[in-house]
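Asks: Got a file for you: final01.cif, mmCIF, C-alpha atoms and all ligand atoms.
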data_input
loop_
_atom_site.label_atom_id
_atom_site.label_comp_id
_atom_site.auth_asym_id
_atom_site.auth_seq_id
_atom_site.Cartn_x
_atom_site.Cartn_y
_atom_site.Cartn_z
CA MET A 130 -20.28 15.04 -12.16
CA ARG A 131 -19.20 15.77 -8.60
CA GLU A 132 -15.42 15.52 -9.00
CA ILE A 133 -12.93 16.13 -6.19
CA VAL A 134 -9.24 16.15 -7.12
CA ILE A 135 -7.82 14.44 -4.05
CA GLY A 136 -4.22 14.51 -2.87
CA ALA A 137 -3.04 11.68 -0.63
CA ALA A 138 -0.12 13.26 1.19
CA GLN A 139 1.99 10.37 2.42
CA MET A 140 4.64 11.44 4.91
CA GLY A 141 8.00 9.87 5.58
CA ALA A 142 9.51 9.29 8.97
CA ILE A 143 9.22 11.76 11.82
CA GLN A 144 11.98 11.30 14.37
CA ARG A 145 11.35 11.59 18.08
CA ALA A 146 13.50 14.74 18.16
CA ASP A 147 11.80 16.43 15.19
CA THR A 148 9.85 19.62 16.00
CA ARG A 149 6.24 20.10 14.95
CA GLU A 150 7.35 23.17 13.03
CA SER A 151 9.76 21.11 10.91
CA VAL A 152 6.97 18.62 10.21
CA VAL A 153 4.51 21.35 9.23
CA ASP A 154 7.12 22.71 6.82
CA ARG A 155 7.06 19.31 5.08
CA MET A 156 3.27 19.32 5.07
CA LEU A 157 3.31 22.77 3.46
CA ILE A 158 5.55 21.49 0.66
CA LEU A 159 3.06 18.68 0.03
CA LEU A 160 0.24 21.27 0.07
CA ASP A 161 2.09 23.38 -2.49
CA GLN A 162 2.51 20.31 -4.69
CA ALA A 163 -1.20 19.59 -4.29
CA LYS A 164 -2.07 23.15 -5.30
CA ALA A 165 0.09 22.85 -8.41
CA ALA A 166 -1.64 19.57 -9.25
CA GLY A 167 -5.11 21.11 -8.95
CA CYS A 168 -6.14 19.33 -5.75
CA THR A 169 -9.08 20.67 -3.73
CA LEU A 170 -8.70 18.16 -0.86
CA VAL A 171 -5.51 16.83 0.76
CA VAL A 172 -5.40 13.92 3.22
CA TYR A 173 -2.50 13.56 5.67
CA PRO A 174 -1.67 10.50 7.85
CA GLU A 175 -2.60 9.43 11.36
CA LEU A 176 -0.65 11.24 14.13
CA CYS A 177 1.04 13.25 11.38
CA LEU A 178 2.59 15.94 13.61
CA THR A 179 4.88 13.71 15.63
CA THR A 180 6.69 10.43 15.62
CA PHE A 181 4.54 7.37 16.36
CA PHE A 182 5.09 7.81 20.11
CA PRO A 183 2.97 4.77 21.24
CA ARG A 184 6.06 2.69 20.44
CA TRP A 185 7.67 4.27 23.54
CA TYR A 186 6.84 3.19 27.11
CA MET A 187 6.26 6.25 29.31
CA GLU A 188 5.04 6.46 32.91
CA ASP A 189 5.10 10.24 33.42
CA GLN A 190 1.80 11.67 32.16
CA ALA A 191 3.43 15.07 31.73
CA GLU A 192 5.85 13.47 29.27
CA VAL A 193 3.01 11.65 27.50
CA ASP A 194 1.07 14.91 27.19
CA THR A 195 3.93 16.54 25.28
CA TRP A 196 2.85 14.42 22.29
CA PHE A 197 -0.71 15.80 22.37
CA GLU A 198 -2.34 18.94 20.94
CA THR A 199 -4.71 20.87 23.22
CA GLU A 200 -6.27 22.84 20.35
CA MET A 201 -6.53 22.60 16.57
CA PRO A 202 -5.38 24.64 14.78
CA ASN A 203 -2.63 25.81 17.11
CA ALA A 204 0.58 27.79 16.78
CA ALA A 205 2.41 24.94 15.05
CA THR A 206 -0.37 24.12 12.58
CA LYS A 207 -1.71 27.65 11.93
CA PRO A 208 0.59 28.10 8.88
CA LEU A 209 -0.93 24.96 7.35
CA PHE A 210 -4.52 26.05 7.95
CA ASP A 211 -3.73 29.57 6.68
CA ARG A 212 -2.19 28.30 3.44
CA ALA A 213 -4.98 25.77 2.92
CA ARG A 214 -7.49 28.64 3.24
CA GLU A 215 -5.43 30.75 0.83
CA TYR A 216 -5.39 27.88 -1.67
CA GLY A 217 -9.02 26.93 -1.15
CA ILE A 218 -7.97 23.36 -0.35
CA ALA A 219 -9.73 21.25 2.27
CA ILE A 220 -7.41 19.21 4.49
CA SER A 221 -7.76 16.13 6.65
CA LEU A 222 -5.11 15.28 9.23
CA GLY A 223 -4.55 13.08 12.25
CA TYR A 224 -3.11 14.08 15.60
CA ALA A 225 -3.10 13.19 19.29
CA GLU A 226 -5.89 15.21 20.95
CA LYS A 227 -5.99 16.23 24.63
CA THR A 228 -9.40 17.73 25.36
CA PRO A 229 -10.09 20.65 27.77
CA HIS A 230 -11.45 18.01 30.15
CA GLY A 231 -8.15 16.12 30.03
CA ARG A 232 -9.23 13.21 27.85
CA HIS A 233 -6.84 11.69 25.31
CA PHE A 234 -7.86 10.57 21.82
CA ASN A 235 -6.23 9.53 18.55
CA THR A 236 -8.10 12.02 16.37
CA GLN A 237 -8.57 12.97 12.73
CA ILE A 238 -10.25 16.18 11.53
CA THR A 239 -11.39 17.38 8.12
CA THR A 240 -11.92 20.99 7.06
CA ASP A 241 -13.94 22.64 4.33
CA ARG A 242 -12.14 24.67 1.66
CA HIS A 243 -12.03 27.68 4.00
CA ALA A 244 -10.05 25.80 6.70
CA ASN A 245 -13.11 25.44 8.96
CA ILE A 246 -13.18 22.08 10.76
CA VAL A 247 -16.37 20.31 9.60
CA GLY A 248 -15.64 16.75 10.72
CA THR A 249 -13.97 15.17 13.75
CA TYR A 250 -13.37 11.49 14.39
CA ARG A 251 -11.74 9.80 17.37
CA LYS A 252 -10.20 6.39 16.75
CA ILE A 253 -12.39 3.58 18.06
CA HIS A 254 -10.32 0.45 17.37
CA LEU A 255 -7.16 0.87 19.45
CA PRO A 256 -4.66 -1.95 18.81
CA GLY A 257 -1.81 -3.02 21.01
CA HIS A 258 -1.67 -3.09 24.81
CA SER A 259 -1.63 -0.83 27.88
CA GLU A 260 1.28 -2.21 29.94
CA PHE A 261 4.92 -2.76 28.99
CA ASP A 262 5.17 -6.12 27.24
CA PRO A 263 8.69 -7.63 27.44
CA ASN A 264 7.72 -10.34 24.97
CA ARG A 265 7.27 -7.88 22.14
CA ALA A 266 10.07 -6.82 19.81
CA PHE A 267 8.74 -3.29 20.29
CA GLN A 268 5.84 -1.72 22.15
CA HIS A 269 2.48 -0.64 20.70
CA LEU A 270 0.88 1.25 23.60
CA GLU A 271 -2.18 2.85 22.00
CA LYS A 272 -4.42 1.30 24.67
CA ARG A 273 -2.22 3.03 27.28
CA TYR A 274 -2.18 6.53 25.84
CA PHE A 275 -5.60 6.85 24.16
CA GLU A 276 -9.23 6.27 25.12
CA PRO A 277 -11.54 4.62 22.58
CA GLY A 278 -13.28 7.27 20.52
CA ASP A 279 -16.56 8.67 21.90
CA LEU A 280 -18.03 10.14 18.70
CA GLY A 281 -19.07 6.97 16.90
CA PHE A 282 -18.47 6.97 13.14
CA PRO A 283 -19.68 10.40 11.94
CA VAL A 284 -20.58 11.15 8.33
CA PHE A 285 -20.71 14.82 7.38
CA ARG A 286 -21.48 16.89 4.25
CA ASN A 287 -18.49 18.67 2.73
CA MET A 288 -17.74 19.74 -0.87
CA ASP A 289 -21.16 18.40 -1.97
CA THR A 290 -20.12 14.93 -0.71
CA TRP A 291 -20.93 12.62 2.20
CA MET A 292 -17.55 12.14 3.92
CA GLY A 293 -16.33 10.01 6.81
CA MET A 294 -13.04 9.14 8.49
CA LEU A 295 -11.36 6.10 9.97
CA ILE A 296 -7.94 5.78 11.58
CA CYS A 297 -5.41 3.03 10.96
CA ASN A 298 -6.53 -0.12 12.80
CA ASP A 299 -10.18 0.81 12.13
CA ARG A 300 -9.54 -0.13 8.48
CA ARG A 301 -9.21 -3.78 9.47
CA TRP A 302 -12.75 -3.96 10.88
CA PRO A 303 -15.59 -4.27 8.32
CA GLU A 304 -18.07 -2.99 10.90
CA ALA A 305 -16.34 0.40 10.81
CA TYR A 306 -16.85 0.83 7.06
CA ARG A 307 -20.43 -0.43 7.27
CA GLU A 308 -21.28 2.08 10.01
CA LEU A 309 -20.23 4.77 7.54
CA GLY A 310 -21.81 2.97 4.57
CA LEU A 311 -25.19 2.85 6.31
CA GLN A 312 -25.05 6.65 6.45
CA GLY A 313 -24.44 6.84 2.69
CA VAL A 314 -20.75 7.70 2.87
CA GLU A 315 -19.12 8.42 -0.51
CA LEU A 316 -15.56 9.24 0.57
CA ILE A 317 -13.66 7.72 3.49
CA MET A 318 -10.37 9.33 4.51
CA LEU A 319 -8.01 7.41 6.74
CA GLY A 320 -4.45 7.78 7.91
CA TYR A 321 -2.24 5.03 9.26
CA ASN A 322 1.05 4.31 11.01
CA THR A 323 1.70 0.60 10.47
CA PRO A 324 4.90 -1.05 11.70
CA SER A 325 6.56 -3.03 8.91
CA VAL A 326 6.98 -6.07 11.12
CA ASN A 327 4.68 -7.73 13.63
CA SER A 328 6.00 -7.25 17.16
CA GLN A 329 4.66 -10.70 18.06
CA ASN A 330 5.34 -12.64 14.86
CA SER A 331 8.68 -11.95 13.21
CA ASP A 332 7.69 -14.08 10.22
CA GLU A 333 5.13 -11.46 9.18
CA GLY A 334 7.15 -8.93 7.20
CA PRO A 335 6.40 -5.75 5.24
CA GLU A 336 4.97 -7.53 2.19
CA MET A 337 2.29 -9.37 4.19
CA ARG A 338 1.57 -6.22 6.20
CA GLN A 339 1.04 -4.29 2.98
CA PHE A 340 -1.14 -7.06 1.54
CA HIS A 341 -3.39 -6.98 4.62
CA SER A 342 -3.60 -3.19 4.50
CA ASP A 343 -4.55 -3.09 0.82
CA LEU A 344 -6.97 -6.02 1.22
CA SER A 345 -8.79 -4.29 4.08
CA VAL A 346 -9.08 -0.94 2.33
CA GLN A 347 -10.12 -2.38 -1.04
CA ALA A 348 -12.77 -4.55 0.62
CA GLY A 349 -14.13 -1.61 2.62
CA ALA A 350 -14.36 0.56 -0.48
CA TYR A 351 -16.02 -2.11 -2.65
CA GLN A 352 -18.45 -3.41 -0.02
CA ASN A 353 -19.73 0.10 0.70
CA SER A 354 -19.30 1.55 -2.80
CA ALA A 355 -17.17 4.44 -1.56
CA TRP A 356 -13.86 6.05 -2.39
CA VAL A 357 -11.22 5.31 0.27
CA VAL A 358 -8.03 7.36 0.61
CA ALA A 359 -5.53 5.57 2.88
CA VAL A 360 -2.45 7.61 3.73
CA ALA A 361 0.65 6.30 5.48
CA LYS A 362 3.24 7.81 7.72
CA ALA A 363 6.17 5.67 6.49
CA GLY A 364 9.89 5.11 6.82
CA ASP A 365 12.43 4.55 9.58
CA GLU A 366 11.52 6.37 12.80
CA ASP A 367 14.41 6.05 15.23
CA GLY A 368 15.13 2.56 13.98
CA HIS A 369 11.50 1.46 13.71
CA GLN A 370 10.23 0.91 10.18
CA LEU A 371 6.71 1.92 9.15
CA ASN A 372 5.06 0.71 5.94
CA GLY A 373 4.28 3.16 3.16
CA GLY A 374 2.00 1.99 0.39
CA SER A 375 -0.55 4.82 0.56
CA ILE A 376 -3.43 4.17 -1.84
CA ILE A 377 -6.50 5.75 -3.37
CA VAL A 378 -9.19 3.13 -3.96
CA SER A 379 -12.26 3.53 -6.19
CA PRO A 380 -15.82 2.49 -5.23
CA ASP A 381 -15.20 -0.67 -7.29
CA GLY A 382 -12.34 -1.57 -4.96
CA VAL A 383 -9.66 -0.80 -7.53
CA ILE A 384 -6.38 0.81 -6.44
CA VAL A 385 -6.12 3.83 -8.75
CA GLN A 386 -3.02 5.38 -7.15
CA LYS A 387 -0.30 3.84 -4.97
CA ALA A 388 2.78 5.36 -3.37
CA ILE A 389 6.16 4.06 -4.56
CA THR A 390 8.41 5.56 -1.88
CA GLU A 391 8.64 5.43 1.91
CA GLY A 392 8.97 9.21 2.10
CA ASP A 393 6.95 12.37 1.59
CA GLU A 394 4.98 11.62 -1.56
CA LEU A 395 1.80 13.09 -3.01
CA LEU A 396 -0.68 10.88 -4.87
CA VAL A 397 -3.27 12.72 -6.96
CA HIS A 398 -6.50 11.44 -8.47
CA ALA A 399 -9.66 13.07 -9.82
CA CYS A 400 -12.38 11.22 -7.91
CA ASP A 401 -15.92 11.33 -9.29
CA MET A 402 -18.21 11.05 -6.29
CA ASP A 403 -21.08 10.02 -8.61
CA ALA A 404 -19.09 6.84 -9.33
CA THR A 405 -20.34 5.62 -5.95
CA LYS A 406 -23.96 5.56 -7.11
CA PHE A 407 -24.10 2.40 -9.22
CA GLY A 408 -22.88 0.12 -6.43
CA LYS A 409 -25.18 1.76 -3.90
CA GLU A 410 -28.17 1.34 -6.22
CA THR A 411 -27.46 -2.25 -7.27
CA ILE A 412 -25.27 -4.88 -5.61
CA PHE A 413 -24.92 -2.88 -2.36
CA ASP A 414 -28.40 -1.40 -2.21
CA PHE A 415 -28.48 -2.09 1.52
CA LYS A 416 -32.24 -1.54 1.98
CA ARG A 417 -33.04 -4.19 -0.67
CA HIS A 418 -30.46 -6.83 0.18
CA ARG A 419 -29.42 -6.76 3.83
CA ARG A 420 -31.11 -9.21 6.25
CA ILE A 421 -30.56 -7.62 9.62
CA GLU A 422 -32.77 -10.16 11.35
CA HIS A 423 -29.84 -12.58 10.98
CA TYR A 424 -27.04 -10.21 12.05
CA GLY A 425 -27.67 -10.18 15.81
CA ARG A 426 -24.24 -11.48 16.81
CA ILE A 427 -22.47 -8.57 15.15
CA THR A 428 -23.62 -6.10 17.81
CA GLY A 429 -24.93 -8.60 20.37
CA GLN A 430 -21.58 -10.09 21.38
CA THR A 431 -17.95 -8.96 21.47
CA GLY A 432 -15.97 -12.19 21.30
CA VAL A 433 -16.51 -15.72 19.99
CA ILE A 434 -19.24 -17.90 21.58
CA TYR A 435 -19.10 -21.45 20.21
CA PRO A 436 -22.33 -23.34 19.40
CA ASP A 437 -21.85 -25.36 22.65
CA GLY A 438 -21.85 -22.10 24.62
CA THR A 439 -18.17 -22.04 25.49
CA LYS A 440 -16.35 -18.75 24.88
CA GLY A 441 -13.31 -18.25 22.65
N1 LIG B 501 -1.19 0.48 13.61
C1 LIG B 501 -1.32 -0.84 13.13
C2 LIG B 501 -2.49 -1.02 12.16
O1 LIG B 501 -3.58 -1.48 12.48
C3 LIG B 501 -1.47 -3.22 13.62
C4 LIG B 501 -1.35 -1.85 14.22
C5 LIG B 501 -0.72 -3.58 12.52
C6 LIG B 501 -2.35 -4.08 14.16
C7 LIG B 501 -0.88 -4.85 11.95
C8 LIG B 501 -2.51 -5.35 13.61
C9 LIG B 501 -1.78 -5.75 12.52
O2 LIG B 501 -2.21 -0.77 11.00
C10 LIG B 501 -2.10 1.33 14.15
N2 LIG B 501 -1.63 2.55 14.49
O3 LIG B 501 -3.27 1.02 14.33
#
Output the structure of this file as structure tokens.
Ligand code: ING
Replies:
Amino acid sequence: MREIVIGAAQMGAIQRADTRESVVDRMLILLDQAKAAGCTLVVYPELCLTTFFPRWYMEDQAEVDTWFETEMPNAATKPLFDRAREYGIAISLGYAEKTPHGRHFNTQITTDRHANIVGTYRKIHLPGHSEFDPNRAFQHLEKRYFEPGDLGFPVFRNMDTWMGMLICNDRRWPEAYRELGLQGVELIMLGYNTPSVNSQNSDEGPEMRQFHSDLSVQAGAYQNSAWVVAVAKAGDEDGHQLNGGSIIVSPDGVIVQKAITEGDELLVHACDMDATKFGKETIFDFKRHRRIEHYGRITGQTGVIYPDGTKG
């Protein structure tokens, strides 16, 4: 049995004025809790070092860049990597990445149990908009501050397991899970920062947002027979509420752990990676059941083209 005791390290709000050092201190407390609980892998949220800054409209690139990391680990995160190495715990965390060539990505990395980075993913599905939108209750400027990821959907071997990562909005797109599933992924780690209300539809509140999040993650896990660990940054960030509801989902699509607070909260579950096998060898044995000759639209077109040829 290939068991990994996984900690989903949900984090509460990070205020705009909070320092990275104060955030890492919170992450270290969660790591200590994970150590005490016997975890060997801990997953932190998307953009877990800072507030969700894409809610703020900025024109000065120098100001925008203050939210980005130019190396990982760095001075602020070195204590986390050092303690993870000391504990023999692999970690996965999301942050805003500025590359040496000046490119900007919403990135998640995963380490082995010696704090060596063995997987990097750059968010492909960027929601929101790129210009200030006065019709929105609040801004969601990921298309302004980040480029779409340029690494595809990597799957990598770590802890005797095929692992992959997604970030936040990616979890809503079945193609993203299937790209990982077609590489045999057994564990998908994803972080998210999801506003509790829809900036364009005030009728859509936290309950519906949580339902859609759970629905997407459970479907992705089940339809690719993989464990999915979905970890929120939650709570009230400078008056803007983010949903919690972090979950660990089994390859059968069952939620086996769910956060109950909107703060820093560690979920722990012993995940048997061999539990992914039955689904992959039966109902989701892709090589036996998929009919790719009929799937041309999925990669052949971006938007809707109606049968009469008009475009949606
Ligand atoms: N946040 C949100 C997410 O996909 C969103 C944006 C929420 C889009 C709800 C559509 C509906 O969870 C990020 N950071 O992608």
Asks: Considering only C-alpha atoms, return as a PDB file with C-alpha atoms, in the coordinates of the input whatever protein or nucleic-acid residues lie within 12 Å of Thr390 (chain A), sequence-local ones (same chain, fewer than 3 positions apart) excluded.
Replies:
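Just written: out10.pdb:
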ATOM      1  CA  ALA A 138      -0.120  13.260   1.190  1.00  0.00           C
ATOM      2  CA  GLN A 139       1.990  10.370   2.420  1.00  0.00           C
ATOM      3  CA  MET A 140       4.640  11.440   4.910  1.00  0.00           C
ATOM      4  CA  GLY A 141       8.000   9.870   5.580  1.00  0.00           C
ATOM      5  CA  ALA A 142       9.510   9.290   8.970  1.00  0.00           C
ATOM      6  CA  ALA A 361       0.650   6.300   5.480  1.00  0.00           C
ATOM      7  CA  LYS A 362       3.240   7.810   7.720  1.00  0.00           C
ATOM      8  CA  ALA A 363       6.170   5.670   6.490  1.00  0.00           C
ATOM      9  CA  GLY A 364       9.890   5.110   6.820  1.00  0.00           C
ATOM     10  CA  LEU A 371       6.710   1.920   9.150  1.00  0.00           C
ATOM     11  CA  ASN A 372       5.060   0.710   5.940  1.00  0.00           C
ATOM     12  CA  GLY A 373       4.280   3.160   3.160  1.00  0.00           C
ATOM     13  CA  GLY A 374       2.000   1.990   0.390  1.00  0.00           C
ATOM     14  CA  SER A 375      -0.550   4.820   0.560  1.00  0.00           C
ATOM     15  CA  ILE A 376      -3.430   4.170  -1.840  1.00  0.00           C
ATOM     16  CA  LYS A 387      -0.300   3.840  -4.970  1.00  0.00           C
ATOM     17  CA  ASP A 393       6.950  12.370   1.590  1.00  0.00           C
ATOM     18  CA  GLU A 394       4.980  11.620  -1.560  1.00  0.00           C
ATOM     19  CA  LEU A 395       1.800  13.090  -3.010  1.00  0.00           C
ATOM     20  CA  LEU A 396      -0.680  10.880  -4.870  1.00  0.00           C
TER      21      LEU A 396
END
Asks: Could you pull the residues within 10 Å of region 331-335 of chain A, counting only C-alpha atoms, minus those fewer than 6 positions along the same chain, as an MDAnalysis selection string?
Replies: chainID A and resid 265:266 323:325 341 370:373
Asks: Using only C-alpha atoms, tabulate the residues of region 354-408 of chain A lying at most 12 Å from any atom of region 145-150 of chain A, each with its closest atom pair and that distance in Å to one decimal, by chain and increasing residue number, as a tab-separated table.
Replies:
residue	atom	partner	partner_atom	distance
A:Asp365	CA	A:Arg145	CA	11.1
A:Glu366	CA	A:Arg145	CA	7.4
A:Asp367	CA	A:Arg145	CA	6.9
A:Gly368	CA	A:Arg145	CA	10.6
A:His369	CA	A:Arg145	CA	11.0
Asks: Ranking A:Ser221, A:Gln144, A:Thr405, A:Asn322 by minimum distance to ligand LIG 501 (chain B) and counting only C-alpha atoms and all ligand atoms, which one comes first?
Replies: A:Asn322
Asks: Report as a PyMOL selection string which protein, DNA and RNA residues come within 10 Å of ligand LIG 501 (chain B), using all atoms listed in the file.
Replies: chain A and resi 175-176+181+183-184+235+252+254-257+269-271+296-302+320-329+333+335+337-339+341-342+361-362+371-372
Asks: Please produce an output containing C-alpha atoms for each residue in the selection, written as a compact mmCIF listing (two decimals), in the frame of the given file.
Replies:
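This went into result10.txt:
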# COMPACT_ATOMS: atom_id res chain seq x y z
CA GLU A 175 -2.60 9.43 11.36
CA LEU A 176 -0.65 11.24 14.13
CA PHE A 181 4.54 7.37 16.36
CA PRO A 183 2.97 4.77 21.24
CA ARG A 184 6.06 2.69 20.44
CA ASN A 235 -6.23 9.53 18.55
CA LYS A 252 -10.20 6.39 16.75
CA HIS A 254 -10.32 0.45 17.37
CA LEU A 255 -7.16 0.87 19.45
CA PRO A 256 -4.66 -1.95 18.81
CA GLY A 257 -1.81 -3.02 21.01
CA HIS A 269 2.48 -0.64 20.70
CA LEU A 270 0.88 1.25 23.60
CA GLU A 271 -2.18 2.85 22.00
CA ILE A 296 -7.94 5.78 11.58
CA CYS A 297 -5.41 3.03 10.96
CA ASN A 298 -6.53 -0.12 12.80
CA ASP A 299 -10.18 0.81 12.13
CA ARG A 300 -9.54 -0.13 8.48
CA ARG A 301 -9.21 -3.78 9.47
CA TRP A 302 -12.75 -3.96 10.88
CA GLY A 320 -4.45 7.78 7.91
CA TYR A 321 -2.24 5.03 9.26
CA ASN A 322 1.05 4.31 11.01
CA THR A 323 1.70 0.60 10.47
CA PRO A 324 4.90 -1.05 11.70
CA SER A 325 6.56 -3.03 8.91
CA VAL A 326 6.98 -6.07 11.12
CA ASN A 327 4.68 -7.73 13.63
CA SER A 328 6.00 -7.25 17.16
CA GLN A 329 4.66 -10.70 18.06
CA GLU A 333 5.13 -11.46 9.18
CA PRO A 335 6.40 -5.75 5.24
CA MET A 337 2.29 -9.37 4.19
CA ARG A 338 1.57 -6.22 6.20
CA GLN A 339 1.04 -4.29 2.98
CA HIS A 341 -3.39 -6.98 4.62
CA SER A 342 -3.60 -3.19 4.50
CA ALA A 361 0.65 6.30 5.48
CA LYS A 362 3.24 7.81 7.72
CA LEU A 371 6.71 1.92 9.15
CA ASN A 372 5.06 0.71 5.94
Asks: Compute the distance from (-19.0, 17.2, 14.2) to each atom, counting only C-alpha atoms, keep the residues with any atom at most 12 Å away, and return them as a PDB file with C-alpha atoms, in the coordinates of the input; use the coordinates of the file.
Replies:
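part_8.pdb written:
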ATOM      1  CA  GLN A 237      -8.570  12.970  12.730  1.00  0.00           C
ATOM      2  CA  ILE A 238     -10.250  16.180  11.530  1.00  0.00           C
ATOM      3  CA  THR A 239     -11.390  17.380   8.120  1.00  0.00           C
ATOM      4  CA  THR A 240     -11.920  20.990   7.060  1.00  0.00           C
ATOM      5  CA  ASN A 245     -13.110  25.440   8.960  1.00  0.00           C
ATOM      6  CA  ILE A 246     -13.180  22.080  10.760  1.00  0.00           C
ATOM      7  CA  VAL A 247     -16.370  20.310   9.600  1.00  0.00           C
ATOM      8  CA  GLY A 248     -15.640  16.750  10.720  1.00  0.00           C
ATOM      9  CA  THR A 249     -13.970  15.170  13.750  1.00  0.00           C
ATOM     10  CA  TYR A 250     -13.370  11.490  14.390  1.00  0.00           C
ATOM     11  CA  ARG A 251     -11.740   9.800  17.370  1.00  0.00           C
ATOM     12  CA  ASP A 279     -16.560   8.670  21.900  1.00  0.00           C
ATOM     13  CA  LEU A 280     -18.030  10.140  18.700  1.00  0.00           C
ATOM     14  CA  GLY A 281     -19.070   6.970  16.900  1.00  0.00           C
ATOM     15  CA  PHE A 282     -18.470   6.970  13.140  1.00  0.00           C
ATOM     16  CA  PRO A 283     -19.680  10.400  11.940  1.00  0.00           C
ATOM     17  CA  VAL A 284     -20.580  11.150   8.330  1.00  0.00           C
ATOM     18  CA  PHE A 285     -20.710  14.820   7.380  1.00  0.00           C
ATOM     19  CA  ARG A 286     -21.480  16.890   4.250  1.00  0.00           C
ATOM     20  CA  ASN A 287     -18.490  18.670   2.730  1.00  0.00           C
ATOM     21  CA  MET A 292     -17.550  12.140   3.920  1.00  0.00           C
ATOM     22  CA  GLY A 293     -16.330  10.010   6.810  1.00  0.00           C
ATOM     23  CA  MET A 294     -13.040   9.140   8.490  1.00  0.00           C
TER      24      MET A 294
END
Asks: For the atom pair CA of Arg242 (chain A) and CA of Gly217 (chain A), what is the interatomic distance in Å to one decimal place?
Replies: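 CA of Gly217 (chain A) lies 4.8 Å from CA of Arg242 (chain A).
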Asks: Which residues come within 8 Å of Ala350 (chain A), counting only C-alpha atoms, excluding same-chain residues fewer than 6 positions away, as a PDB file with C-alpha atoms, in the frame of the given file?
Replies:
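This went into result-v6.pdb:
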ATOM      1  CA  TYR A 306     -16.850   0.830   7.060  1.00  0.00           C
ATOM      2  CA  TRP A 356     -13.860   6.050  -2.390  1.00  0.00           C
ATOM      3  CA  VAL A 357     -11.220   5.310   0.270  1.00  0.00           C
ATOM      4  CA  VAL A 378      -9.190   3.130  -3.960  1.00  0.00           C
ATOM      5  CA  SER A 379     -12.260   3.530  -6.190  1.00  0.00           C
ATOM      6  CA  PRO A 380     -15.820   2.490  -5.230  1.00  0.00           C
ATOM      7  CA  ASP A 381     -15.200  -0.670  -7.290  1.00  0.00           C
ATOM      8  CA  GLY A 382     -12.340  -1.570  -4.960  1.00  0.00           C
TER       9      GLY A 382
END
Asks: Just give me the gap between CA of Met402 (chain A) and CA of Pro303 (chain A) in Å, one decimal is fine.
Replies: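 So the two atoms, CA of Met402 (chain A) and CA of Pro303 (chain A), lie 21.3 Å apart.
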Asks: Hey, can you pull every residue with an atom no more than 12 Å from (7.7, 1.8, 29.7), using all atoms listed in the file, and send it as a list of chain:residue names?
Replies: A:Phe182, A:Pro183, A:Arg184, A:Trp185, A:Tyr186, A:Met187, A:Glu188, A:Asp189, A:Gln190, A:Glu192, A:Val193, A:His258, A:Ser259, A:Glu260, A:Phe261, A:Asp262, A:Pro263, A:Phe267, A:Gln268, A:His269, A:Leu270, A:Arg273, A:Tyr274
Asks: Report as a compact mmCIF listing (two decimals) with C-alpha atoms, in the frame of the given file all protein, DNA and RNA residues lying within 12 Å of region 157-160 of chain A, evaluated on all atoms listed in the file, omitting residues in the same chain fewer than 5 positions from it.
Replies:
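File part35.txt, as written:
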# COMPACT_ATOMS: atom_id res chain seq x y z
CA ILE A 135 -7.82 14.44 -4.05
CA GLY A 136 -4.22 14.51 -2.87
CA ALA A 137 -3.04 11.68 -0.63
CA ALA A 138 -0.12 13.26 1.19
CA GLN A 139 1.99 10.37 2.42
CA MET A 140 4.64 11.44 4.91
CA GLY A 141 8.00 9.87 5.58
CA GLU A 150 7.35 23.17 13.03
CA SER A 151 9.76 21.11 10.91
CA VAL A 152 6.97 18.62 10.21
CA ALA A 165 0.09 22.85 -8.41
CA ALA A 166 -1.64 19.57 -9.25
CA GLY A 167 -5.11 21.11 -8.95
CA CYS A 168 -6.14 19.33 -5.75
CA THR A 169 -9.08 20.67 -3.73
CA LEU A 170 -8.70 18.16 -0.86
CA VAL A 171 -5.51 16.83 0.76
CA VAL A 172 -5.40 13.92 3.22
CA TYR A 173 -2.50 13.56 5.67
CA ALA A 205 2.41 24.94 15.05
CA THR A 206 -0.37 24.12 12.58
CA LYS A 207 -1.71 27.65 11.93
CA PRO A 208 0.59 28.10 8.88
CA LEU A 209 -0.93 24.96 7.35
CA PHE A 210 -4.52 26.05 7.95
CA ASP A 211 -3.73 29.57 6.68
CA ARG A 212 -2.19 28.30 3.44
CA ALA A 213 -4.98 25.77 2.92
CA ARG A 214 -7.49 28.64 3.24
CA GLU A 215 -5.43 30.75 0.83
CA TYR A 216 -5.39 27.88 -1.67
CA GLY A 217 -9.02 26.93 -1.15
CA ILE A 218 -7.97 23.36 -0.35
CA ALA A 219 -9.73 21.25 2.27
CA ILE A 220 -7.41 19.21 4.49
CA SER A 221 -7.76 16.13 6.65
CA GLY A 392 8.97 9.21 2.10
CA ASP A 393 6.95 12.37 1.59
CA GLU A 394 4.98 11.62 -1.56
CA LEU A 395 1.80 13.09 -3.01
CA LEU A 396 -0.68 10.88 -4.87
CA VAL A 397 -3.27 12.72 -6.96
